$ cat data_2.cif   # mmCIF, C-alpha atoms
data_coords
loop_
_atom_site.label_atom_id
_atom_site.label_comp_id
_atom_site.auth_asym_id
_atom_site.auth_seq_id
_atom_site.Cartn_x
_atom_site.Cartn_y
_atom_site.Cartn_z
CA MET T 1 41.76 -150.91 -99.18
CA SER T 2 40.69 -149.14 -95.98
CA PRO T 3 38.30 -150.90 -93.60
CA PRO T 4 34.66 -149.75 -93.59
CA ALA T 5 33.82 -146.91 -91.22
CA ARG T 6 32.57 -148.13 -87.86
CA HIS T 7 28.95 -147.29 -87.09
CA ARG T 8 28.65 -144.95 -84.14
CA VAL T 9 25.60 -145.65 -81.97
CA ARG T 10 23.19 -142.72 -82.17
CA HIS T 11 22.04 -141.46 -78.75
CA ALA T 12 19.34 -138.99 -77.83
CA LEU T 13 18.88 -137.68 -74.29
CA VAL T 14 15.66 -136.66 -72.58
CA GLY T 15 15.87 -134.61 -69.40
CA ALA T 16 18.49 -131.86 -69.77
CA GLY T 17 19.11 -131.05 -66.11
CA ALA T 18 22.31 -131.55 -64.14
CA ARG T 19 21.93 -135.33 -64.20
CA ALA T 20 22.51 -135.25 -67.96
CA GLU T 21 25.98 -133.71 -67.77
CA MET T 22 27.90 -136.94 -67.19
CA PHE T 23 26.38 -138.59 -70.26
CA VAL T 24 26.66 -135.53 -72.49
CA ARG T 25 30.33 -135.07 -71.66
CA ALA T 26 31.12 -138.77 -72.07
CA LEU T 27 29.48 -138.81 -75.50
CA ALA T 28 31.21 -135.63 -76.64
CA LEU T 29 34.70 -136.44 -75.39
CA ASP T 30 35.39 -139.91 -74.06
CA HIS T 31 33.46 -142.21 -76.40
CA SER T 32 33.04 -140.22 -79.60
CA ASP T 33 34.59 -143.10 -81.59
CA THR T 34 31.78 -145.51 -80.64
CA ALA T 35 28.82 -143.27 -79.82
CA GLU T 36 27.37 -139.87 -80.71
CA LEU T 37 24.82 -137.51 -79.26
CA VAL T 38 22.30 -136.59 -81.94
CA ALA T 39 19.47 -134.82 -80.07
CA LEU T 40 18.20 -133.42 -76.76
CA ALA T 41 14.63 -133.33 -75.44
CA ASP T 42 13.32 -131.47 -72.42
CA VAL T 43 10.36 -129.48 -71.16
CA ASN T 44 12.60 -126.39 -70.95
CA GLN T 45 14.37 -124.90 -73.97
CA ALA T 46 16.80 -122.83 -71.88
CA ARG T 47 18.27 -125.96 -70.32
CA MET T 48 18.81 -127.57 -73.71
CA ASP T 49 20.42 -124.37 -74.97
CA ALA T 50 22.80 -124.43 -71.99
CA HIS T 51 23.93 -127.96 -72.85
CA ASN T 52 24.51 -126.92 -76.45
CA ARG T 53 26.68 -124.02 -75.29
CA TRP T 54 28.75 -126.42 -73.18
CA LEU T 55 29.03 -128.82 -76.12
CA ALA T 56 30.45 -125.96 -78.18
CA GLU T 57 33.04 -125.34 -75.46
CA LEU T 58 34.09 -128.98 -75.85
CA GLY T 59 34.45 -128.57 -79.60
CA HIS T 60 31.25 -130.50 -80.35
CA PRO T 61 28.64 -129.06 -82.74
CA PRO T 62 25.23 -128.24 -81.26
CA VAL T 63 22.59 -130.93 -81.56
CA PRO T 64 18.92 -130.51 -82.46
CA THR T 65 16.58 -129.82 -79.54
CA TYR T 66 12.99 -131.00 -79.13
CA ARG T 67 10.23 -130.26 -76.71
CA ALA T 68 9.41 -133.26 -74.56
CA ALA T 69 5.99 -133.47 -76.19
CA ASP T 70 7.77 -134.19 -79.49
CA PHE T 71 9.87 -137.00 -78.04
CA THR T 72 8.53 -139.78 -80.30
CA ALA T 73 8.87 -137.63 -83.43
CA MET T 74 12.48 -136.92 -82.44
CA LEU T 75 13.30 -140.63 -82.28
CA ALA T 76 12.17 -141.17 -85.85
CA LYS T 77 13.59 -138.00 -87.37
CA GLU T 78 17.03 -138.39 -85.77
CA ARG T 79 17.22 -142.19 -86.35
CA VAL T 80 17.98 -142.81 -82.69
CA ASP T 81 19.47 -146.13 -81.58
CA VAL T 82 19.63 -145.57 -77.80
CA VAL T 83 17.74 -143.16 -75.55
CA LEU T 84 19.31 -141.81 -72.35
CA VAL T 85 16.61 -140.98 -69.78
CA THR T 86 17.69 -138.43 -67.14
CA SER T 87 14.35 -136.72 -66.52
CA VAL T 88 12.37 -136.41 -63.27
CA ASP T 89 11.93 -139.92 -61.86
CA VAL T 90 8.14 -140.04 -62.13
CA THR T 91 8.39 -139.47 -65.91
CA HIS T 92 10.89 -142.26 -66.65
CA ASP T 93 8.32 -144.87 -67.64
CA GLU T 94 6.73 -142.57 -70.22
CA TYR T 95 9.99 -142.10 -72.11
CA VAL T 96 11.30 -145.63 -71.58
CA THR T 97 8.20 -147.33 -72.97
CA ALA T 98 7.87 -144.89 -75.90
CA ALA T 99 11.51 -145.45 -76.83
CA LEU T 100 11.21 -149.24 -76.64
CA ARG T 101 8.13 -149.24 -78.86
CA ALA T 102 9.95 -147.00 -81.34
CA GLY T 103 12.64 -149.68 -81.69
CA CYS T 104 15.27 -148.08 -79.44
CA ASP T 105 17.25 -149.47 -76.53
CA VAL T 106 17.26 -147.40 -73.34
CA VAL T 107 19.71 -146.39 -70.64
CA THR T 108 17.81 -144.84 -67.76
CA GLU T 109 19.03 -143.15 -64.63
CA LYS T 110 18.07 -144.79 -61.38
CA PRO T 111 15.50 -145.37 -60.05
CA MET T 112 13.95 -147.05 -63.07
CA THR T 113 10.62 -145.56 -62.00
CA VAL T 114 8.74 -144.71 -58.79
CA ASP T 115 5.84 -147.16 -58.36
CA ALA T 116 4.70 -150.69 -59.16
CA PRO T 117 2.24 -149.89 -62.01
CA ARG T 118 4.89 -147.87 -63.85
CA CYS T 119 7.40 -150.67 -63.28
CA ARG T 120 4.94 -153.18 -64.73
CA ARG T 121 4.51 -151.02 -67.84
CA ILE T 122 8.26 -150.95 -68.42
CA LEU T 123 8.67 -154.70 -67.93
CA ASP T 124 5.73 -155.40 -70.27
CA ALA T 125 7.23 -153.13 -72.94
CA VAL T 126 10.58 -154.93 -72.67
CA ALA T 127 8.84 -158.29 -73.12
CA GLU T 128 6.68 -156.98 -75.96
CA THR T 129 9.49 -155.37 -77.97
CA GLY T 130 12.54 -157.46 -77.15
CA ARG T 131 14.53 -154.26 -76.72
CA ARG T 132 16.97 -153.65 -73.87
CA VAL T 133 16.69 -151.39 -70.81
CA THR T 134 19.85 -150.72 -68.80
CA VAL T 135 19.59 -148.96 -65.45
CA ALA T 136 22.54 -146.67 -64.64
CA PHE T 137 23.41 -148.12 -61.25
CA ASN T 138 26.86 -146.57 -61.29
CA TYR T 139 27.76 -147.88 -57.83
CA ARG T 140 28.17 -151.35 -59.36
CA TYR T 141 31.22 -149.94 -61.19
CA ASN T 142 32.98 -148.61 -58.08
CA PRO T 143 36.25 -150.60 -57.76
CA LEU T 144 35.49 -151.27 -54.07
CA HIS T 145 32.09 -152.71 -54.88
CA GLU T 146 33.49 -154.81 -57.71
CA GLN T 147 35.99 -156.31 -55.28
CA VAL T 148 33.22 -157.09 -52.77
CA ARG T 149 31.34 -158.87 -55.56
CA ARG T 150 34.40 -160.96 -56.46
CA LEU T 151 35.17 -161.91 -52.86
CA LEU T 152 31.63 -162.94 -52.05
CA ALA T 153 31.23 -164.86 -55.32
CA ASP T 154 34.49 -166.69 -54.57
CA GLY T 155 33.20 -167.74 -51.15
CA ALA T 156 35.51 -165.58 -49.06
CA VAL T 157 33.00 -165.54 -46.18
CA GLY T 158 31.20 -168.76 -47.08
CA GLU T 159 27.42 -168.85 -47.09
CA ILE T 160 26.09 -165.38 -46.36
CA GLY T 161 23.88 -165.05 -43.30
CA SER T 162 23.38 -161.31 -42.95
CA VAL T 163 24.35 -157.84 -44.19
CA HIS T 164 24.46 -154.59 -42.27
CA PHE T 165 24.52 -151.48 -44.45
CA GLU T 166 24.68 -147.92 -43.09
CA TRP T 167 24.70 -144.92 -45.45
CA LEU T 168 25.35 -141.36 -44.28
CA LEU T 169 24.54 -138.29 -46.37
CA ASP T 170 26.16 -135.19 -44.92
CA VAL T 171 24.36 -131.89 -44.34
CA ARG T 172 25.54 -130.60 -47.73
CA HIS T 173 24.57 -133.57 -49.90
CA GLY T 174 21.60 -134.71 -47.83
CA ALA T 175 20.14 -131.22 -47.70
CA ASP T 176 20.08 -130.99 -51.47
CA TYR T 177 17.27 -133.56 -51.77
CA PHE T 178 15.09 -131.18 -49.74
CA ARG T 179 15.70 -128.15 -51.99
CA ARG T 180 14.46 -129.63 -55.26
CA TRP T 181 11.74 -131.82 -56.76
CA HIS T 182 12.97 -134.83 -54.78
CA ARG T 183 11.28 -133.35 -51.67
CA ASP T 184 7.95 -134.43 -53.24
CA LYS T 185 7.48 -138.16 -52.72
CA ALA T 186 5.09 -138.41 -55.65
CA ALA T 187 7.88 -137.24 -57.99
CA SER T 188 10.82 -139.18 -56.53
CA GLY T 189 9.45 -142.05 -54.47
CA GLY T 190 11.33 -140.67 -51.46
CA LEU T 191 14.89 -141.51 -50.49
CA LEU T 192 14.12 -145.23 -50.16
CA VAL T 193 13.43 -145.24 -53.90
CA HIS T 194 15.50 -142.41 -55.35
CA LYS T 195 18.68 -142.81 -53.28
CA ALA T 196 18.55 -146.21 -51.60
CA SER T 197 17.78 -148.03 -54.86
CA HIS T 198 21.55 -147.77 -55.45
CA HIS T 199 22.22 -149.58 -52.19
CA PHE T 200 19.46 -152.15 -52.51
CA ASP T 201 20.72 -152.99 -56.00
CA LEU T 202 24.23 -153.53 -54.64
CA VAL T 203 22.97 -155.99 -52.04
CA ASN T 204 20.90 -157.86 -54.63
CA TRP T 205 23.97 -158.03 -56.88
CA TRP T 206 26.40 -159.01 -54.13
CA LEU T 207 24.13 -161.73 -52.75
CA ASP T 208 22.84 -162.85 -56.15
CA ALA T 209 19.43 -162.85 -54.50
CA ARG T 210 16.08 -161.13 -54.60
CA PRO T 211 14.17 -159.43 -51.77
CA VAL T 212 11.25 -161.39 -50.35
CA GLU T 213 9.96 -159.38 -47.37
CA VAL T 214 10.68 -155.88 -46.09
CA HIS T 215 9.91 -154.09 -42.83
CA ALA T 216 10.74 -150.40 -42.37
CA ALA T 217 10.49 -147.49 -39.97
CA GLY T 218 11.34 -143.86 -40.60
CA ARG T 219 10.34 -140.24 -40.30
CA LEU T 220 11.11 -136.67 -41.27
CA PHE T 221 13.30 -135.84 -38.30
CA PHE T 222 15.64 -133.02 -39.36
CA TYR T 223 14.46 -131.18 -42.49
CA GLY T 224 11.12 -129.65 -43.36
CA GLU T 225 9.16 -127.94 -40.63
CA THR T 226 10.87 -130.05 -37.95
CA GLY T 227 13.90 -127.82 -38.50
CA ARG T 228 12.22 -125.19 -36.36
CA ARG T 229 12.32 -127.55 -33.38
CA HIS T 230 16.07 -127.96 -33.82
CA GLY T 231 16.70 -124.23 -34.22
CA TYR T 232 17.73 -124.25 -37.89
CA ALA T 233 14.67 -122.86 -39.65
CA ARG T 234 14.80 -119.50 -41.45
CA ASP T 235 11.77 -117.66 -42.78
CA TYR T 236 12.23 -117.73 -46.54
CA ASP T 237 10.87 -119.90 -49.33
CA ARG T 238 13.82 -119.97 -51.72
CA ALA T 239 17.41 -118.78 -51.26
CA HIS T 240 17.96 -116.58 -54.32
CA GLY T 241 17.24 -112.94 -53.52
CA SER T 242 16.33 -113.64 -49.90
CA PRO T 243 18.15 -111.66 -47.16
CA ALA T 244 17.17 -114.34 -44.63
CA ALA T 245 19.19 -116.89 -46.60
CA ALA T 246 22.36 -114.80 -46.76
CA ASP T 247 24.12 -116.55 -43.87
CA ASP T 248 22.14 -119.82 -43.87
CA PRO T 249 24.60 -122.74 -44.22
CA PHE T 250 21.77 -124.82 -45.71
CA ALA T 251 21.05 -122.36 -48.54
CA LEU T 252 22.16 -123.16 -52.10
CA ARG T 253 23.54 -120.06 -53.82
CA LEU T 254 22.61 -120.66 -57.44
CA ALA T 255 24.08 -117.40 -58.70
CA GLU T 256 27.53 -118.50 -57.48
CA HIS T 257 27.52 -121.71 -59.56
CA PRO T 258 27.72 -120.86 -63.29
CA ARG T 259 26.36 -124.16 -64.58
CA LEU T 260 23.52 -124.35 -62.06
CA ARG T 261 22.68 -120.73 -62.78
CA GLU T 262 22.34 -121.51 -66.49
CA LEU T 263 20.38 -124.71 -65.99
CA TYR T 264 17.99 -123.44 -63.36
CA LEU T 265 18.07 -119.78 -62.38
CA ASP T 266 18.23 -118.55 -65.97
CA ALA T 267 15.62 -121.13 -67.02
CA GLU T 268 12.99 -120.35 -64.38
CA ALA T 269 10.97 -118.05 -66.62
CA GLU T 270 9.94 -121.00 -68.80
CA ASP T 271 8.57 -123.43 -66.22
CA GLY T 272 8.83 -121.77 -62.79
CA TYR T 273 10.97 -124.55 -61.33
CA GLN T 274 13.02 -123.38 -58.34
CA ARG T 275 16.16 -125.38 -57.58
CA ASP T 276 17.02 -123.61 -54.30
CA ARG T 277 14.06 -124.11 -51.97
CA ASN T 278 14.51 -123.67 -48.23
CA VAL T 279 15.14 -127.16 -46.86
CA PHE T 280 13.10 -126.26 -43.77
CA ALA T 281 10.14 -124.81 -45.66
CA PRO T 282 6.72 -126.52 -45.60
CA GLY T 283 5.82 -129.04 -48.27
CA VAL T 284 8.41 -131.77 -47.69
CA THR T 285 6.76 -135.19 -48.05
CA ILE T 286 9.85 -137.44 -47.89
CA GLU T 287 11.68 -138.85 -44.87
CA ASP T 288 15.28 -138.16 -43.82
CA ASP T 289 15.92 -140.95 -41.26
CA LEU T 290 15.11 -144.48 -42.40
CA ALA T 291 15.64 -148.03 -41.14
CA VAL T 292 14.94 -151.19 -43.15
CA LEU T 293 14.98 -154.91 -42.38
CA ALA T 294 14.88 -157.12 -45.48
CA ARG T 295 14.81 -160.89 -46.00
CA TYR T 296 16.13 -162.39 -49.24
CA SER T 297 15.44 -165.47 -51.35
CA THR T 298 18.64 -167.11 -50.04
CA GLY T 299 17.49 -166.72 -46.43
CA ALA T 300 19.98 -163.91 -45.74
CA THR T 301 18.80 -160.73 -44.03
CA MET T 302 19.84 -157.09 -44.35
CA THR T 303 19.61 -154.31 -41.81
CA TYR T 304 19.91 -150.91 -43.51
CA HIS T 305 19.94 -147.35 -42.25
CA LEU T 306 19.96 -144.12 -44.24
CA THR T 307 20.69 -140.83 -42.45
CA ALA T 308 20.36 -137.68 -44.59
CA TYR T 309 21.68 -135.14 -42.05
CA ALA T 310 25.07 -136.49 -40.94
CA PRO T 311 28.17 -134.38 -40.15
CA TRP T 312 30.25 -136.55 -42.53
CA GLU T 313 29.55 -138.54 -45.68
CA GLY T 314 30.23 -142.20 -46.25
CA TYR T 315 29.03 -145.73 -45.60
CA ARG T 316 29.75 -148.98 -43.85
CA VAL T 317 28.91 -152.47 -45.10
CA MET T 318 29.39 -155.65 -43.08
CA VAL T 319 28.72 -159.10 -44.53
CA ASN T 320 28.57 -162.02 -42.08
CA GLY T 321 29.06 -165.55 -43.39
CA SER T 322 29.77 -169.14 -42.43
CA ARG T 323 33.52 -168.64 -42.90
CA GLY T 324 34.04 -165.09 -41.69
CA ARG T 325 33.11 -161.47 -42.19
CA LEU T 326 33.80 -158.81 -44.84
CA GLU T 327 33.84 -155.14 -43.84
CA LEU T 328 33.82 -152.11 -46.12
CA ASP T 329 34.33 -148.69 -44.53
CA VAL T 330 34.27 -145.61 -46.78
CA THR T 331 34.64 -141.95 -45.80
CA GLU T 332 33.84 -139.75 -48.77
CA SER T 333 34.20 -136.50 -46.79
CA ASP T 334 35.10 -136.47 -43.10
CA HIS T 335 33.22 -133.20 -42.47
CA VAL T 336 31.53 -130.33 -44.29
CA SER T 337 33.79 -127.28 -44.33
CA PRO T 338 32.16 -123.87 -43.72
CA ALA T 339 33.22 -122.74 -47.20
CA GLY T 340 31.58 -125.79 -48.76
CA ALA T 341 28.33 -125.72 -46.81
CA GLY T 342 26.44 -123.69 -49.42
CA ALA T 343 27.82 -125.71 -52.33
CA LEU T 344 26.88 -129.05 -53.80
CA LYS T 345 28.61 -132.34 -53.11
CA GLY T 346 31.72 -132.46 -55.28
CA ALA T 347 32.51 -128.78 -55.07
CA ALA T 348 34.71 -129.41 -52.04
CA LEU T 349 36.84 -131.85 -54.03
CA HIS T 350 38.34 -129.07 -56.10
CA GLY T 351 40.64 -126.15 -55.45
CA ASP T 352 41.55 -124.99 -51.96
CA GLU T 353 38.97 -127.10 -50.16
CA ALA T 354 40.40 -130.39 -51.39
CA ALA T 355 42.93 -130.42 -48.55
CA VAL T 356 40.28 -129.64 -45.92
CA GLU T 357 37.78 -132.48 -46.30
CA HIS T 358 39.47 -135.87 -46.22
CA GLY T 359 38.29 -139.24 -47.45
CA ALA T 360 39.48 -142.82 -47.18
CA ALA T 361 38.38 -146.38 -47.89
CA ARG T 362 39.19 -149.72 -46.30
CA LEU T 363 38.11 -153.24 -47.22
CA THR T 364 38.84 -155.87 -44.58
CA LEU T 365 38.36 -159.63 -44.67
CA ARG T 366 38.07 -161.28 -41.23
CA PRO T 367 38.25 -165.06 -41.65
CA PHE T 368 37.66 -167.48 -38.80
CA TRP T 369 40.80 -168.61 -36.94
CA ALA T 370 43.10 -166.07 -38.63
CA PRO T 371 44.10 -162.41 -38.38
CA PRO T 372 42.16 -159.85 -40.44
CA VAL T 373 43.40 -159.09 -43.96
CA ASP T 374 43.30 -155.65 -45.59
CA VAL T 375 42.23 -156.23 -49.20
CA PRO T 376 43.96 -153.86 -51.65
CA VAL T 377 41.71 -152.09 -54.16
CA ASP T 378 43.14 -150.11 -57.05
CA GLY T 379 41.31 -147.30 -58.77
CA TRP T 380 39.12 -145.92 -55.98
CA THR T 381 38.87 -142.13 -55.92
CA ARG T 382 36.72 -139.61 -54.07
CA GLN T 383 35.50 -138.18 -57.36
CA GLY T 384 32.92 -139.57 -59.76
CA HIS T 385 31.26 -141.93 -57.27
CA GLY T 386 34.53 -143.63 -56.39
CA GLY T 387 35.65 -143.67 -60.04
CA ALA T 388 32.47 -145.49 -61.04
CA ASP T 389 31.05 -142.90 -63.46
CA ALA T 390 33.91 -143.18 -65.95
CA ARG T 391 33.96 -146.97 -65.67
CA MET T 392 30.21 -147.15 -66.27
CA THR T 393 30.25 -144.97 -69.38
CA ARG T 394 33.08 -147.10 -70.80
CA VAL T 395 30.72 -150.09 -70.64
CA LEU T 396 27.43 -148.42 -71.58
CA LEU T 397 28.75 -146.02 -74.24
CA GLY T 398 32.15 -147.36 -75.18
CA GLY T 399 31.39 -151.05 -75.52
CA GLU T 400 33.97 -152.19 -72.95
CA PRO T 401 33.62 -155.88 -71.94
CA ASP T 402 31.64 -156.48 -68.74
CA PRO T 403 32.61 -159.87 -67.28
CA LEU T 404 31.24 -158.94 -63.84
CA GLY T 405 27.77 -158.30 -65.23
CA ARG T 406 27.67 -154.73 -63.95
CA ALA T 407 25.19 -153.47 -66.56
CA ALA T 408 21.89 -153.69 -64.68
CA THR T 409 18.82 -154.89 -66.59
CA ALA T 410 15.20 -153.82 -66.26
CA TYR T 411 14.71 -156.86 -64.03
CA ASP T 412 17.54 -155.65 -61.77
CA GLY T 413 15.98 -152.20 -61.75
CA ALA T 414 12.65 -153.70 -60.71
CA LEU T 415 14.20 -155.67 -57.81
CA ALA T 416 15.94 -152.58 -56.41
CA LEU T 417 12.78 -150.50 -56.84
CA LEU T 418 10.58 -153.11 -55.16
CA THR T 419 12.77 -153.15 -52.05
CA GLY T 420 12.17 -149.40 -51.68
CA LEU T 421 8.48 -149.63 -52.54
CA ALA T 422 7.93 -152.41 -50.01
CA ALA T 423 9.76 -150.31 -47.43
CA ASN T 424 7.55 -147.32 -48.24
CA ARG T 425 4.44 -149.47 -47.88
CA SER T 426 5.73 -150.71 -44.54
CA LEU T 427 6.23 -147.10 -43.40
CA ASP T 428 2.55 -146.53 -44.10
CA THR T 429 1.21 -149.73 -42.54
CA GLY T 430 3.72 -150.44 -39.78
CA ALA T 431 3.81 -154.08 -40.87
CA PRO T 432 6.17 -156.25 -42.92
CA VAL T 433 5.42 -156.27 -46.65
CA ARG T 434 5.88 -159.18 -49.02
CA VAL T 435 7.49 -157.97 -52.23
CA ALA T 436 5.37 -160.34 -54.32
CA ASP T 437 2.25 -158.56 -53.05
CA LEU T 438 3.39 -155.40 -54.85
CA LEU T 439 4.43 -156.90 -58.20
CA THR T 440 4.87 -160.43 -59.48
CA LEU T 441 8.16 -161.08 -61.22
CA PRO T 442 9.20 -164.24 -63.06
#
$ encode --input "data_2.cif" --output "structure tokens"
Amino acid sequence: MSPPARHRVRHALVGAGARAEMFVRALALDHSDTAELVALADVNQARMDAHNRWLAELGHPPVPTYRAADFTAMLAKERVDVVLVTSVDVTHDEYVTAALRAGCDVVTEKPMTVDAPRCRRILDAVAETGRRVTVAFNYRYNPLHEQVRRLLADGAVGEIGSVHFEWLLDVRHGADYFRRWHRDKAASGGLLVHKASHHFDLVNWWLDARPVEVHAAGRLFFYGETGRRHGYARDYDRAHGSPAAADDPFALRLAEHPRLRELYLDAEAEDGYQRDRNVFAPGVTIEDDLAVLARYSTGATMTYHLTAYAPWEGYRVMVNGSRGRLELDVTESDHVSPAGAGALKGAALHGDEAAVEHGAARLTLRPFWAPPVDVPVDGWTRQGHGGADARMTRVLLGGEPDPLGRAATAYDGALALLTGLAANRSLDTGAPVRVADLLTLP
């Protein structure tokens, strides 16, 4: 007698932009024995149609598509178990809370949301329904970051006194936040929420602590209209069809990227969204150079700096403790090649450019009274966020065991968000901000 067929978890996805691709592909190919994609929802039909065409290329049948306004009806009709939220950040809470109240669990892209009231609504819905929200903090799954977690938890540096964390976005990757909806702080929360929530979550996870007080300083130094002061500004609004953008290294050439062309250029007629804005055009309301000082519940402090206009991409983390120091130094790309300047991050990791832009990683333990030790880490790669994307989908979609507790909860998502929100408040006031003054957590 054959064993009963295993139930495959039924997933629906809302937000069919580029951020959805990792999940769609993982469901169609890598985890089709444990999970299935049963529906797509978006405000734009052309984007959903593009994903269905790509599913067909993978040998997967097309899935039903729904307008975002019909999201709740979709959940019932398609008998959805888990909702994947990859929409614009400011809309996350709407879909997360509706899914929870419809009896679904949720996996949402980071940040969980963009402000304290929306965060409160999500946490209240979790408490009310008993359903689960998982935030896709894929950096937790990077083999380097897993090793840092193990070392710190094992007491390799003793009691932790301080962390210094510097993150550099190069002029290809960093510029991209200033071409699209992320340039509007109301939609994304700015880089301290949208991007740095990854980094703040890592520190919370590594320290097993929560932020208590945050002080920040920052400004729009390089992009936006300040680009004219530095000699980079060109007089065009969006790159496509603009002669002034033809030789601009900061211009994204949508027509040269087949998938981006389908998702955005070919879809513009429906909603007017332009993916290739001039990074030096007016209207940017986010910062590109940011410094943060945070104090944690353990008494440890963190100094953090995010630069969104660097010549190379990577990060440095230094953890100082009562028994030594742990240093992580990662170069994702050592420069931006001229051929890759008008592309997106990742494009330079393929084909001829792969040999041009180099990357490396080093994890070093420096104990007291002994020489430094290079800690070996297997599995790190320059692709897929250091190999983290595939490892994350194995846990979230494939049911792989998670002894390190990498799957971030709604509470974890709130802690990372609140660090960024407190930093944003401090930017406005010039004073330190107590996290508890923004939102009370248990």
$ closest_residue --input "data_2.cif" --among "T:Trp54, T:Phe23, T:Tyr139, T:Phe280" --to "Glu262 (chain T)" --atoms "all atoms listed in the file"
T:Trp54
$ resolve_selection --input "data_2.cif" --expression "the PyMOL selection byres ((chain T and resi 251) around 12)" --output "ChimeraX atom specification"
/T:171-173,175-176,178-180,232-250,252-256,275-281,340-344
$ write_last_selection --input "data_2.cif" --atoms "C-alpha atoms" --output "mmCIF file, in the frame of the given file"
data_model
loop_
_atom_site.group_PDB
_atom_site.id
_atom_site.type_symbol
_atom_site.label_atom_id
_atom_site.label_comp_id
_atom_site.auth_asym_id
_atom_site.auth_seq_id
_atom_site.Cartn_x
_atom_site.Cartn_y
_atom_site.Cartn_z
ATOM 1 C CA VAL T 171 24.360 -131.890 -44.340
ATOM 2 C CA ARG T 172 25.540 -130.600 -47.730
ATOM 3 C CA HIS T 173 24.570 -133.570 -49.900
ATOM 4 C CA ALA T 175 20.140 -131.220 -47.700
ATOM 5 C CA ASP T 176 20.080 -130.990 -51.470
ATOM 6 C CA PHE T 178 15.090 -131.180 -49.740
ATOM 7 C CA ARG T 179 15.700 -128.150 -51.990
ATOM 8 C CA ARG T 180 14.460 -129.630 -55.260
ATOM 9 C CA TYR T 232 17.730 -124.250 -37.890
ATOM 10 C CA ALA T 233 14.670 -122.860 -39.650
ATOM 11 C CA ARG T 234 14.800 -119.500 -41.450
ATOM 12 C CA ASP T 235 11.770 -117.660 -42.780
ATOM 13 C CA TYR T 236 12.230 -117.730 -46.540
ATOM 14 C CA ASP T 237 10.870 -119.900 -49.330
ATOM 15 C CA ARG T 238 13.820 -119.970 -51.720
ATOM 16 C CA ALA T 239 17.410 -118.780 -51.260
ATOM 17 C CA HIS T 240 17.960 -116.580 -54.320
ATOM 18 C CA GLY T 241 17.240 -112.940 -53.520
ATOM 19 C CA SER T 242 16.330 -113.640 -49.900
ATOM 20 C CA PRO T 243 18.150 -111.660 -47.160
ATOM 21 C CA ALA T 244 17.170 -114.340 -44.630
ATOM 22 C CA ALA T 245 19.190 -116.890 -46.600
ATOM 23 C CA ALA T 246 22.360 -114.800 -46.760
ATOM 24 C CA ASP T 247 24.120 -116.550 -43.870
ATOM 25 C CA ASP T 248 22.140 -119.820 -43.870
ATOM 26 C CA PRO T 249 24.600 -122.740 -44.220
ATOM 27 C CA PHE T 250 21.770 -124.820 -45.710
ATOM 28 C CA LEU T 252 22.160 -123.160 -52.100
ATOM 29 C CA ARG T 253 23.540 -120.060 -53.820
ATOM 30 C CA LEU T 254 22.610 -120.660 -57.440
ATOM 31 C CA ALA T 255 24.080 -117.400 -58.700
ATOM 32 C CA GLU T 256 27.530 -118.500 -57.480
ATOM 33 C CA ARG T 275 16.160 -125.380 -57.580
ATOM 34 C CA ASP T 276 17.020 -123.610 -54.300
ATOM 35 C CA ARG T 277 14.060 -124.110 -51.970
ATOM 36 C CA ASN T 278 14.510 -123.670 -48.230
ATOM 37 C CA VAL T 279 15.140 -127.160 -46.860
ATOM 38 C CA PHE T 280 13.100 -126.260 -43.770
ATOM 39 C CA ALA T 281 10.140 -124.810 -45.660
ATOM 40 C CA GLY T 340 31.580 -125.790 -48.760
ATOM 41 C CA ALA T 341 28.330 -125.720 -46.810
ATOM 42 C CA GLY T 342 26.440 -123.690 -49.420
ATOM 43 C CA ALA T 343 27.820 -125.710 -52.330
ATOM 44 C CA LEU T 344 26.880 -129.050 -53.800
#
$ resolve_selection --input "data_2.cif" --expression "the PyMOL selection byres ((chain T and resi 330) around 6)" --output "list in words"
Gly314, Tyr315, Asp329, Thr331, Ala360 and Ala361 of chain T
$ closest_residue --input "data_2.cif" --among "T:Val395, T:Val284, T:Val85, T:Leu418" --to "His182 (chain T)" --atoms "all atoms listed in the file"
T:Val284
$ atom_distance --input "data_2.cif" --atom1 "CA of Gly283 (chain T)" --atom2 "CA of Ala414 (chain T)"
28.5 Å
$ resolve_selection --input "data_2.cif" --expression "the PyMOL selection byres ((chain T and resi 188) around 10)" --output "ChimeraX atom specification"
/T:88-91,111,113-115,177,181-187,189-195,286
$ atom_distance --input "data_2.cif" --atom1 "CA of Arg79 (chain T)" --atom2 "CA of Arg47 (chain T)"
22.8 Å
$ closest_residue --input "data_2.cif" --among "T:Arg67, T:Arg140, T:His164, T:Arg228" --to "Leu326 (chain T)" --atoms "all atoms listed in the file"
T:His164
$ residues_around --input "data_2.cif" --residues "Val24 (chain T)" --least-positions-apart "4" --cutoff "9 Å" --atoms "all atoms listed in the file" --output "ChimeraX atom specification"
/T:13,20,28-29,37,51,55
$ closest_residue --input "data_2.cif" --among "T:Leu363, T:Leu202, T:Val9, T:Val106" --to "Glu94 (chain T)" --atoms "all atoms listed in the file"
T:Val106
$ residues_around --input "data_2.cif" --residues "Val96 (chain T)" --least-positions-apart "6" --cutoff "10 Å" --atoms "all atoms listed in the file" --output "PyMOL selection string"
chain T and resi 83-85+102+104-108+112-113+121-122+125-126+133
$ closest_residue --input "data_2.cif" --among "T:Glu357, T:Glu78, T:Asp170, T:Glu225" --to "Pro311 (chain T)" --atoms "only C-alpha atoms"
T:Asp170
$ closest_residue --input "data_2.cif" --among "T:Thr72, T:Thr419, T:Gln383, T:Gln147" --to "Glu327 (chain T)" --atoms "all atoms listed in the file"
T:Gln147
